[in-house]
>>> print(open('data.txt').read())   # compact mmCIF, C-alpha atoms
# COMPACT_ATOMS: atom_id res chain seq x y z
CA MET A 1 -39.93 131.02 208.36
CA SER A 2 -39.11 127.37 207.70
CA LYS A 3 -41.17 125.45 205.17
CA PRO A 4 -42.99 122.22 206.09
CA ASP A 5 -41.34 118.97 204.96
CA LEU A 6 -42.83 117.14 202.00
CA THR A 7 -41.84 114.01 200.09
CA LEU A 8 -42.68 114.09 196.39
CA TYR A 9 -42.99 110.67 194.76
CA LEU A 10 -42.49 110.98 191.00
CA ALA A 11 -44.13 108.15 189.07
CA ALA A 12 -42.21 106.70 186.13
CA PRO A 13 -43.09 106.16 183.38
CA ARG A 14 -45.19 109.33 183.04
CA GLY A 15 -45.94 111.92 180.38
CA PHE A 16 -45.40 111.62 176.65
CA CYS A 17 -45.72 108.21 175.01
CA ALA A 18 -44.29 107.24 171.63
CA GLY A 19 -47.61 107.85 169.82
CA VAL A 20 -47.96 111.38 171.21
CA ASP A 21 -44.31 112.15 170.50
CA ARG A 22 -44.77 111.01 166.89
CA ALA A 23 -48.00 113.00 166.41
CA ILE A 24 -46.44 116.26 167.63
CA LYS A 25 -43.37 115.63 165.46
CA ILE A 26 -45.65 115.10 162.44
CA VAL A 27 -47.23 118.54 162.88
CA GLU A 28 -43.86 120.24 163.36
CA MET A 29 -42.32 118.47 160.36
CA ALA A 30 -45.34 119.29 158.19
CA ILE A 31 -44.98 123.00 159.05
CA ASP A 32 -41.25 122.80 158.24
CA LYS A 33 -41.93 121.05 154.92
CA TRP A 34 -44.94 122.95 153.57
CA GLY A 35 -44.84 126.15 155.63
CA PRO A 36 -47.74 127.53 157.69
CA PRO A 37 -50.62 127.20 157.89
CA VAL A 38 -50.99 123.44 158.29
CA PHE A 39 -54.48 122.36 159.32
CA VAL A 40 -55.11 119.74 162.02
CA ARG A 41 -58.48 118.01 162.38
CA HIS A 42 -59.25 117.87 166.13
CA GLU A 43 -56.64 118.43 168.84
CA ILE A 44 -53.54 116.52 167.73
CA VAL A 45 -53.32 115.23 171.32
CA HIS A 46 -55.44 116.17 174.32
CA ASN A 47 -53.30 118.87 175.90
CA LYS A 48 -53.91 122.63 175.72
CA PHE A 49 -50.25 123.52 176.31
CA VAL A 50 -49.16 121.33 173.38
CA VAL A 51 -51.95 122.58 171.10
CA ASP A 52 -51.20 126.24 171.91
CA SER A 53 -47.46 125.79 171.25
CA LEU A 54 -48.24 124.21 167.86
CA LYS A 55 -50.65 127.08 167.05
CA ASP A 56 -47.76 129.48 167.68
CA LYS A 57 -45.70 127.57 165.08
CA GLY A 58 -48.40 127.75 162.41
CA ALA A 59 -50.89 124.93 163.05
CA VAL A 60 -54.60 125.70 162.65
CA PHE A 61 -56.92 123.39 164.58
CA VAL A 62 -60.38 122.66 163.19
CA GLU A 63 -63.17 120.26 164.14
CA GLU A 64 -64.11 119.02 160.68
CA LEU A 65 -62.52 118.56 157.26
CA ASP A 66 -64.92 121.00 155.59
CA GLU A 67 -63.22 123.81 157.54
CA CYS A 68 -59.94 123.09 155.68
CA PRO A 69 -59.05 124.60 152.29
CA ASP A 70 -58.21 122.13 149.50
CA ASP A 71 -54.78 123.63 148.89
CA ARG A 72 -53.24 123.28 152.38
CA PRO A 73 -52.03 120.11 154.13
CA VAL A 74 -54.25 118.58 156.79
CA ILE A 75 -53.22 116.24 159.60
CA PHE A 76 -55.48 113.73 161.36
CA SER A 77 -55.04 113.48 165.13
CA ALA A 78 -53.31 110.72 167.11
CA HIS A 79 -56.71 109.36 168.20
CA GLY A 80 -57.59 108.13 164.71
CA VAL A 81 -60.44 109.01 162.35
CA PRO A 82 -63.35 107.18 160.69
CA LYS A 83 -62.54 105.78 157.23
CA ALA A 84 -64.78 108.38 155.61
CA ILE A 85 -62.40 111.23 156.55
CA PRO A 86 -59.28 110.21 154.54
CA ALA A 87 -61.63 109.09 151.75
CA GLU A 88 -63.11 112.60 151.60
CA ALA A 89 -59.62 114.19 151.74
CA ALA A 90 -58.55 111.99 148.81
CA ARG A 91 -61.70 112.92 146.87
CA ARG A 92 -60.81 116.60 147.33
CA GLU A 93 -57.22 115.83 146.25
CA MET A 94 -55.88 117.27 149.51
CA VAL A 95 -52.42 116.59 150.90
CA TYR A 96 -53.08 114.78 154.17
CA VAL A 97 -50.96 113.05 156.81
CA ASP A 98 -52.44 110.53 159.22
CA ALA A 99 -50.94 110.93 162.71
CA THR A 100 -53.03 108.09 164.18
CA CYS A 101 -51.01 106.30 166.84
CA PRO A 102 -49.78 102.97 165.40
CA LEU A 103 -51.25 101.17 168.42
CA VAL A 104 -54.69 102.63 167.59
CA SER A 105 -54.18 101.65 163.93
CA LYS A 106 -53.49 98.10 165.16
CA VAL A 107 -56.99 98.02 166.68
CA HIS A 108 -58.47 99.36 163.42
CA ILE A 109 -56.78 96.56 161.44
CA GLU A 110 -57.96 94.00 163.98
CA ALA A 111 -61.58 95.21 163.63
CA GLU A 112 -61.40 95.01 159.84
CA ARG A 113 -59.92 91.51 159.94
CA HIS A 114 -62.73 90.24 162.18
CA HIS A 115 -65.33 91.97 159.98
CA GLU A 116 -63.91 90.25 156.88
CA ASN A 117 -64.29 86.94 158.74
CA GLY A 118 -67.98 87.68 159.29
CA LEU A 119 -67.78 88.60 162.98
CA GLN A 120 -69.72 91.45 164.57
CA MET A 121 -67.58 93.65 166.85
CA VAL A 122 -68.10 94.74 170.45
CA MET A 123 -65.96 97.73 171.37
CA ILE A 124 -65.14 98.50 175.00
CA GLY A 125 -64.71 102.27 175.10
CA HIS A 126 -66.10 105.69 176.01
CA ALA A 127 -68.95 107.05 173.92
CA GLY A 128 -68.02 110.27 172.12
CA HIS A 129 -64.26 109.92 172.61
CA PRO A 130 -62.42 110.61 169.30
CA GLU A 131 -60.65 107.26 169.44
CA THR A 132 -63.93 105.38 169.87
CA ILE A 133 -65.55 107.35 167.02
CA GLY A 134 -62.52 106.66 164.80
CA THR A 135 -62.44 102.93 165.55
CA MET A 136 -66.19 102.41 165.15
CA GLY A 137 -65.96 104.39 161.90
CA GLN A 138 -63.69 101.75 160.34
CA LEU A 139 -66.68 99.48 159.75
CA PRO A 140 -70.24 99.95 158.40
CA ASP A 141 -72.96 101.18 160.77
CA GLY A 142 -74.20 98.49 163.14
CA GLU A 143 -71.09 96.35 162.82
CA VAL A 144 -69.53 97.74 166.04
CA LEU A 145 -71.53 97.75 169.28
CA LEU A 146 -70.21 99.92 172.14
CA VAL A 147 -70.10 98.96 175.83
CA GLU A 148 -68.75 101.16 178.63
CA THR A 149 -69.53 99.08 181.74
CA PRO A 150 -70.17 95.43 182.69
CA ASP A 151 -73.89 96.31 183.01
CA ASP A 152 -73.99 97.37 179.33
CA VAL A 153 -73.13 93.81 178.29
CA ALA A 154 -76.55 92.53 179.43
CA GLY A 155 -78.30 94.95 177.07
CA LEU A 156 -76.34 94.03 173.93
CA ASP A 157 -78.52 93.06 170.98
CA VAL A 158 -76.21 90.99 168.77
CA ARG A 159 -76.80 89.41 165.36
CA ASP A 160 -75.34 86.00 166.24
CA PRO A 161 -73.93 85.25 169.73
CA SER A 162 -71.51 82.71 168.25
CA ARG A 163 -70.01 85.19 165.71
CA LEU A 164 -68.60 87.96 167.89
CA ALA A 165 -65.21 89.56 168.63
CA PHE A 166 -64.22 92.38 170.98
CA ILE A 167 -61.72 95.23 170.81
CA THR A 168 -60.95 98.01 173.29
CA GLN A 169 -60.05 101.67 173.33
CA THR A 170 -56.30 101.92 174.03
CA THR A 171 -56.56 104.32 177.00
CA LEU A 172 -58.93 102.50 179.36
CA SER A 173 -58.45 101.46 182.97
CA VAL A 174 -56.81 98.04 182.90
CA ASP A 175 -58.77 96.87 185.97
CA ASP A 176 -62.17 98.13 184.75
CA THR A 177 -61.64 96.49 181.36
CA VAL A 178 -60.95 93.10 182.97
CA ASP A 179 -64.44 93.23 184.54
CA ILE A 180 -66.11 94.11 181.21
CA VAL A 181 -64.23 91.35 179.36
CA ALA A 182 -65.32 88.88 182.06
CA ALA A 183 -68.97 89.95 181.56
CA LEU A 184 -68.61 89.53 177.77
CA ARG A 185 -67.08 86.07 178.08
CA ALA A 186 -69.75 85.01 180.58
CA ARG A 187 -72.59 86.00 178.24
CA PHE A 188 -70.87 85.09 174.96
CA PRO A 189 -68.53 82.14 175.59
CA ASP A 190 -67.48 82.03 171.90
CA ILE A 191 -66.45 85.71 171.69
CA VAL A 192 -63.01 86.22 170.14
CA GLY A 193 -60.56 88.55 171.91
CA PRO A 194 -57.43 90.30 170.66
CA HIS A 195 -54.21 88.24 170.35
CA LYS A 196 -52.51 90.87 172.47
CA GLU A 197 -54.19 93.33 174.83
CA ASP A 198 -55.53 96.42 173.00
CA ILE A 199 -54.87 98.73 175.96
CA CYS A 200 -51.54 100.25 174.99
CA TYR A 201 -48.22 99.80 176.79
CA ALA A 202 -48.12 103.47 177.85
CA THR A 203 -51.56 103.38 179.48
CA THR A 204 -50.71 100.11 181.26
CA ASN A 205 -47.30 101.35 182.45
CA ARG A 206 -48.59 104.69 183.76
CA GLN A 207 -51.39 102.97 185.67
CA ALA A 208 -48.92 100.45 187.17
CA ALA A 209 -46.66 103.28 188.39
CA VAL A 210 -49.63 105.01 190.07
CA LYS A 211 -50.63 101.72 191.74
CA ALA A 212 -47.09 101.48 193.16
CA ILE A 213 -47.16 104.92 194.81
CA ALA A 214 -50.87 105.27 195.71
CA PRO A 215 -50.78 103.42 199.06
CA GLN A 216 -47.90 105.54 200.42
CA ILE A 217 -49.08 109.07 199.56
CA ASP A 218 -51.53 111.55 201.07
CA ALA A 219 -52.43 113.01 197.68
CA LEU A 220 -51.95 112.34 193.97
CA LEU A 221 -51.71 115.01 191.29
CA VAL A 222 -52.20 113.88 187.70
CA ILE A 223 -51.03 116.44 185.16
CA GLY A 224 -53.28 116.20 182.12
CA ALA A 225 -56.31 117.58 180.31
CA PRO A 226 -59.95 117.04 181.38
CA ASN A 227 -60.71 115.51 177.95
CA SER A 228 -57.73 113.12 178.16
CA SER A 229 -59.04 109.61 178.77
CA ASN A 230 -55.73 108.16 179.96
CA SER A 231 -55.23 111.07 182.41
CA GLN A 232 -58.72 110.66 183.88
CA ARG A 233 -58.06 106.93 184.30
CA LEU A 234 -54.88 107.71 186.31
CA VAL A 235 -56.95 109.74 188.80
CA GLU A 236 -59.38 106.82 189.14
CA VAL A 237 -56.55 104.29 189.56
CA GLY A 238 -55.00 106.42 192.32
CA SER A 239 -58.32 106.61 194.21
CA ALA A 240 -59.01 102.89 193.74
CA ASN A 241 -55.60 101.92 195.11
CA GLY A 242 -55.57 103.67 198.45
CA CYS A 243 -54.91 107.36 197.76
CA ALA A 244 -57.41 109.47 199.70
CA TYR A 245 -57.12 112.55 197.45
CA ALA A 246 -56.46 112.45 193.69
CA GLN A 247 -56.74 115.57 191.55
CA LEU A 248 -56.35 116.25 187.81
CA VAL A 249 -54.50 119.50 187.07
CA GLN A 250 -53.60 121.03 183.71
CA ARG A 251 -50.96 123.37 185.15
CA ALA A 252 -49.45 124.30 188.52
CA THR A 253 -51.95 127.18 188.72
CA ASP A 254 -54.78 124.60 189.01
CA ILE A 255 -53.48 123.06 192.25
CA ASP A 256 -55.93 123.38 195.15
CA TRP A 257 -53.45 124.21 197.91
CA ARG A 258 -56.11 124.36 200.64
CA ALA A 259 -56.97 120.70 199.97
CA LEU A 260 -53.28 119.85 200.50
CA GLU A 261 -52.87 121.53 203.91
CA GLY A 262 -51.17 119.28 206.46
CA ILE A 263 -49.99 116.67 203.96
CA THR A 264 -46.51 115.15 204.10
CA SER A 265 -46.38 113.14 200.86
CA VAL A 266 -47.62 113.76 197.31
CA GLY A 267 -47.44 111.59 194.21
CA ILE A 268 -47.02 113.24 190.81
CA THR A 269 -47.67 111.69 187.43
CA ALA A 270 -48.65 112.93 183.98
CA GLY A 271 -50.94 111.59 181.30
CA ALA A 272 -49.48 110.41 178.00
CA SER A 273 -50.12 113.74 176.27
CA ALA A 274 -48.68 116.00 179.01
CA PRO A 275 -45.14 117.37 178.44
CA GLU A 276 -42.43 117.12 181.11
CA VAL A 277 -42.17 120.93 181.27
CA LEU A 278 -45.55 120.94 183.05
CA VAL A 279 -44.33 118.31 185.53
CA ASN A 280 -41.33 120.52 186.35
CA GLU A 281 -43.66 123.51 186.75
CA VAL A 282 -45.69 121.58 189.37
CA ILE A 283 -42.52 120.43 191.19
CA ASP A 284 -41.29 124.05 191.33
CA ALA A 285 -44.64 125.15 192.78
CA PHE A 286 -44.21 122.60 195.60
CA ARG A 287 -40.61 123.72 196.19
CA ASP A 288 -41.88 127.28 196.69
CA ARG A 289 -44.13 126.12 199.54
CA PHE A 290 -42.40 123.07 201.03
CA ASP A 291 -38.97 121.70 201.89
CA VAL A 292 -39.13 118.97 199.26
CA THR A 293 -37.48 115.56 199.21
CA GLN A 294 -37.88 113.93 195.82
CA GLU A 295 -38.16 110.19 195.18
CA LEU A 296 -38.50 108.45 191.81
CA VAL A 297 -40.71 105.36 191.71
CA GLU A 298 -39.98 103.59 188.43
CA THR A 299 -41.97 100.48 187.54
CA ALA A 300 -40.95 100.12 183.88
CA GLN A 301 -38.64 101.61 181.27
CA GLU A 302 -39.90 102.69 177.87
CA ASN A 303 -37.74 102.90 174.76
CA ILE A 304 -40.35 102.62 172.02
CA GLU A 305 -40.19 104.98 169.06
CA PHE A 306 -42.54 105.18 166.07
CA LYS A 307 -41.39 106.44 162.68
CA VAL A 308 -43.13 109.42 161.09
CA PRO A 309 -44.81 108.81 157.70
CA ARG A 310 -42.47 108.68 154.69
CA VAL A 311 -44.07 111.76 153.09
CA LEU A 312 -42.49 113.88 155.83
CA ARG A 313 -39.07 112.29 155.46
CA VAL A 314 -38.68 113.26 151.79
CA PRO A 315 -38.02 116.90 150.78
CA ALA A 316 -40.80 119.04 149.28
CA GLN A 317 -40.75 119.13 145.48
>>> encode(input="data.txt", output="structure tokens")
Amino acid sequence: MSKPDLTLYLAAPRGFCAGVDRAIKIVEMAIDKWGPPVFVRHEIVHNKFVVDSLKDKGAVFVEELDECPDDRPVIFSAHGVPKAIPAEAARREMVYVDATCPLVSKVHIEAERHHENGLQMVMIGHAGHPETIGTMGQLPDGEVLLVETPDDVAGLDVRDPSRLAFITQTTLSVDDTVDIVAALRARFPDIVGPHKEDICYATTNRQAAVKAIAPQIDALLVIGAPNSSNSQRLVEVGSANGCAYAQLVQRATDIDWRALEGITSVGITAGASAPEVLVNEVIDAFRDRFDVTQELVETAQENIEFKVPRVLRVPAQ
């Protein structure tokens, strides 16, 4: 029996970004250098497949530092941690490696610089997300106020409206953030913004690629984890830009095939912490059911690479 025709539009860029690549490499190199087990506070990146593969190599994932023994290395996730965490690791004389994405660290430095200049911070981000917790934890309590929507801006209780700056989580929707920034500037005309957009290049590029394919597809599949902010934003961007059906899937086994009956075109992308092997798995699942024509839609090229910390580049004593 012949298979129905289907055009698959592959968004590019998609999948791993430089920060995720570096974080995974840090865990692997730490295991090579010090041997297993190496402890990791929180998921190194938000992807079960990646976390499980690192567990198989000797990584032990914990939620808090007090679950780690003093005599084994510990790694802090790519999302960043509050200042108190490395301070506590140093107090316990632990070997620790910070895998915070350099673009998240840039936001941390920015927040500290504004604080030193006497400005109170407003952070645009998602409450409870590890990156938001890590960034807010760079400054004393009350120095960073969180907003998630334009409506939240009206309820802000600030110390001095003329002494404010804002920062953003790096994985937000570019379009949604524009609206929140506009609300901040309308209420606080003197508010200081970042010199360069805090939303990272990878988030911006992946959203732009989805915008390019969304109007021409019947459905969009975003490969990523439910707790991955940048993956969830890709689903929202697809829906907001003309795609009638957008679904987040962790693996090919999560695809709702009944929802895709009668379609002729599907867009595929992957969040910044989803490996390409999972993209190929999804493509293979479509090939099993359809006569697939594949098209690449590339809106940018990425060639950024971040160095791993020096401690991992020198041999163990």
>>> closest_atom_pairs(input="data.txt", of="region 88-160 of chain A", to="region 170-191 of chain A", cutoff="10 Å", atoms="all atoms listed in the file", output="JSON lines")
{"residue": "A:Cys101", "atom": "CA", "partner": "A:Thr170", "partner_atom": "CA", "distance": 9.9}
{"residue": "A:Leu103", "atom": "CA", "partner": "A:Thr170", "partner_atom": "CA", "distance": 7.6}
{"residue": "A:Val104", "atom": "CA", "partner": "A:Thr170", "partner_atom": "CA", "distance": 6.7}
{"residue": "A:Val107", "atom": "CA", "partner": "A:Thr170", "partner_atom": "CA", "distance": 8.3}
{"residue": "A:Leu119", "atom": "CA", "partner": "A:Ile191", "partner_atom": "CA", "distance": 9.3}
{"residue": "A:Gln120", "atom": "CA", "partner": "A:Ile191", "partner_atom": "CA", "distance": 9.7}
{"residue": "A:Met121", "atom": "CA", "partner": "A:Ile191", "partner_atom": "CA", "distance": 9.4}
{"residue": "A:Val122", "atom": "CA", "partner": "A:Leu184", "partner_atom": "CA", "distance": 9.0}
{"residue": "A:Ile124", "atom": "CA", "partner": "A:Thr177", "partner_atom": "CA", "distance": 7.5}
{"residue": "A:Gly125", "atom": "CA", "partner": "A:Leu172", "partner_atom": "CA", "distance": 7.2}
{"residue": "A:His126", "atom": "CA", "partner": "A:Leu172", "partner_atom": "CA", "distance": 8.5}
{"residue": "A:Glu131", "atom": "CA", "partner": "A:Thr170", "partner_atom": "CA", "distance": 8.3}
{"residue": "A:Thr132", "atom": "CA", "partner": "A:Thr170", "partner_atom": "CA", "distance": 9.4}
{"residue": "A:Val147", "atom": "CA", "partner": "A:Ile180", "partner_atom": "CA", "distance": 8.3}
{"residue": "A:Glu148", "atom": "CA", "partner": "A:Ile180", "partner_atom": "CA", "distance": 8.0}
{"residue": "A:Thr149", "atom": "CA", "partner": "A:Ile180", "partner_atom": "CA", "distance": 6.1}
{"residue": "A:Pro150", "atom": "CA", "partner": "A:Ile180", "partner_atom": "CA", "distance": 4.5}
{"residue": "A:Asp151", "atom": "CA", "partner": "A:Ala183", "partner_atom": "CA", "distance": 8.2}
{"residue": "A:Asp152", "atom": "CA", "partner": "A:Ile180", "partner_atom": "CA", "distance": 8.7}
{"residue": "A:Val153", "atom": "CA", "partner": "A:Leu184", "partner_atom": "CA", "distance": 6.2}
{"residue": "A:Ala154", "atom": "CA", "partner": "A:Arg187", "partner_atom": "CA", "distance": 7.7}
{"residue": "A:Leu156", "atom": "CA", "partner": "A:Leu184", "partner_atom": "CA", "distance": 9.7}
{"residue": "A:Asp160", "atom": "CA", "partner": "A:Phe188", "partner_atom": "CA", "distance": 9.8}
>>> closest_residue(input="data.txt", among="A:Gly262, A:Pro226, A:Gly15, A:Gly58", to="Gln247 (chain A)", atoms="only C-alpha atoms")
A:Pro226
>>> atom_distance(input="data.txt", atom1="CA of His42 (chain A)", atom2="CA of Ser228 (chain A)")
13.0 Å
>>> residues_around(input="data.txt", residues="region 64-68 of chain A", least_positions_apart="6", cutoff="9 Å", atoms="only C-alpha atoms", output="PDB file with C-alpha atoms, keeping the file's coordinate frame")
ATOM      1  CA  PHE A  39     -54.480 122.360 159.320  1.00  0.00           C
ATOM      2  CA  VAL A  40     -55.110 119.740 162.020  1.00  0.00           C
ATOM      3  CA  ARG A  41     -58.480 118.010 162.380  1.00  0.00           C
ATOM      4  CA  HIS A  42     -59.250 117.870 166.130  1.00  0.00           C
ATOM      5  CA  VAL A  74     -54.250 118.580 156.790  1.00  0.00           C
ATOM      6  CA  ILE A  85     -62.400 111.230 156.550  1.00  0.00           C
ATOM      7  CA  GLU A  88     -63.110 112.600 151.600  1.00  0.00           C
ATOM      8  CA  ALA A  89     -59.620 114.190 151.740  1.00  0.00           C
TER       9      ALA A  89
END
>>> atom_distance(input="data.txt", atom1="CA of Ile26 (chain A)", atom2="CA of Arg313 (chain A)")
10.0 Å
>>> atom_distance(input="data.txt", atom1="CA of Tyr245 (chain A)", atom2="CA of Glu43 (chain A)")
29.2 Å
>>> residues_around(input="data.txt", residues="Ala244 (chain A)", least_positions_apart="6", cutoff="10 Å", atoms="all atoms listed in the file", output="ChimeraX atom specification")
/A:214-215,217-220,238
>>> residues_around(input="data.txt", residues="Glu110 (chain A)", least_positions_apart="4", cutoff="9 Å", atoms="all atoms listed in the file", output="list in words")
Ser105, Lys106, His114, His115, Ile167 and Pro194 of chain A
>>> residues_around(input="data.txt", residues="region 27-35 of chain A", least_positions_apart="2", cutoff="12 Å", atoms="all atoms listed in the file", output="JSON, numbers by chain")
{"A": [20, 21, 22, 23, 24, 25, 37, 38, 39, 40, 41, 43, 44, 45, 50, 51, 53, 54, 55, 56, 57, 58, 59, 60, 61, 71, 72, 73, 74, 75, 76, 77, 78, 95, 96, 97, 98, 99, 308, 309, 310, 311, 312, 313, 314, 315, 316, 317]}
>>> closest_residue(input="data.txt", among="A:His108, A:Arg251, A:Lys83, A:Phe166", to="Met123 (chain A)", atoms="only C-alpha atoms")
A:Phe166
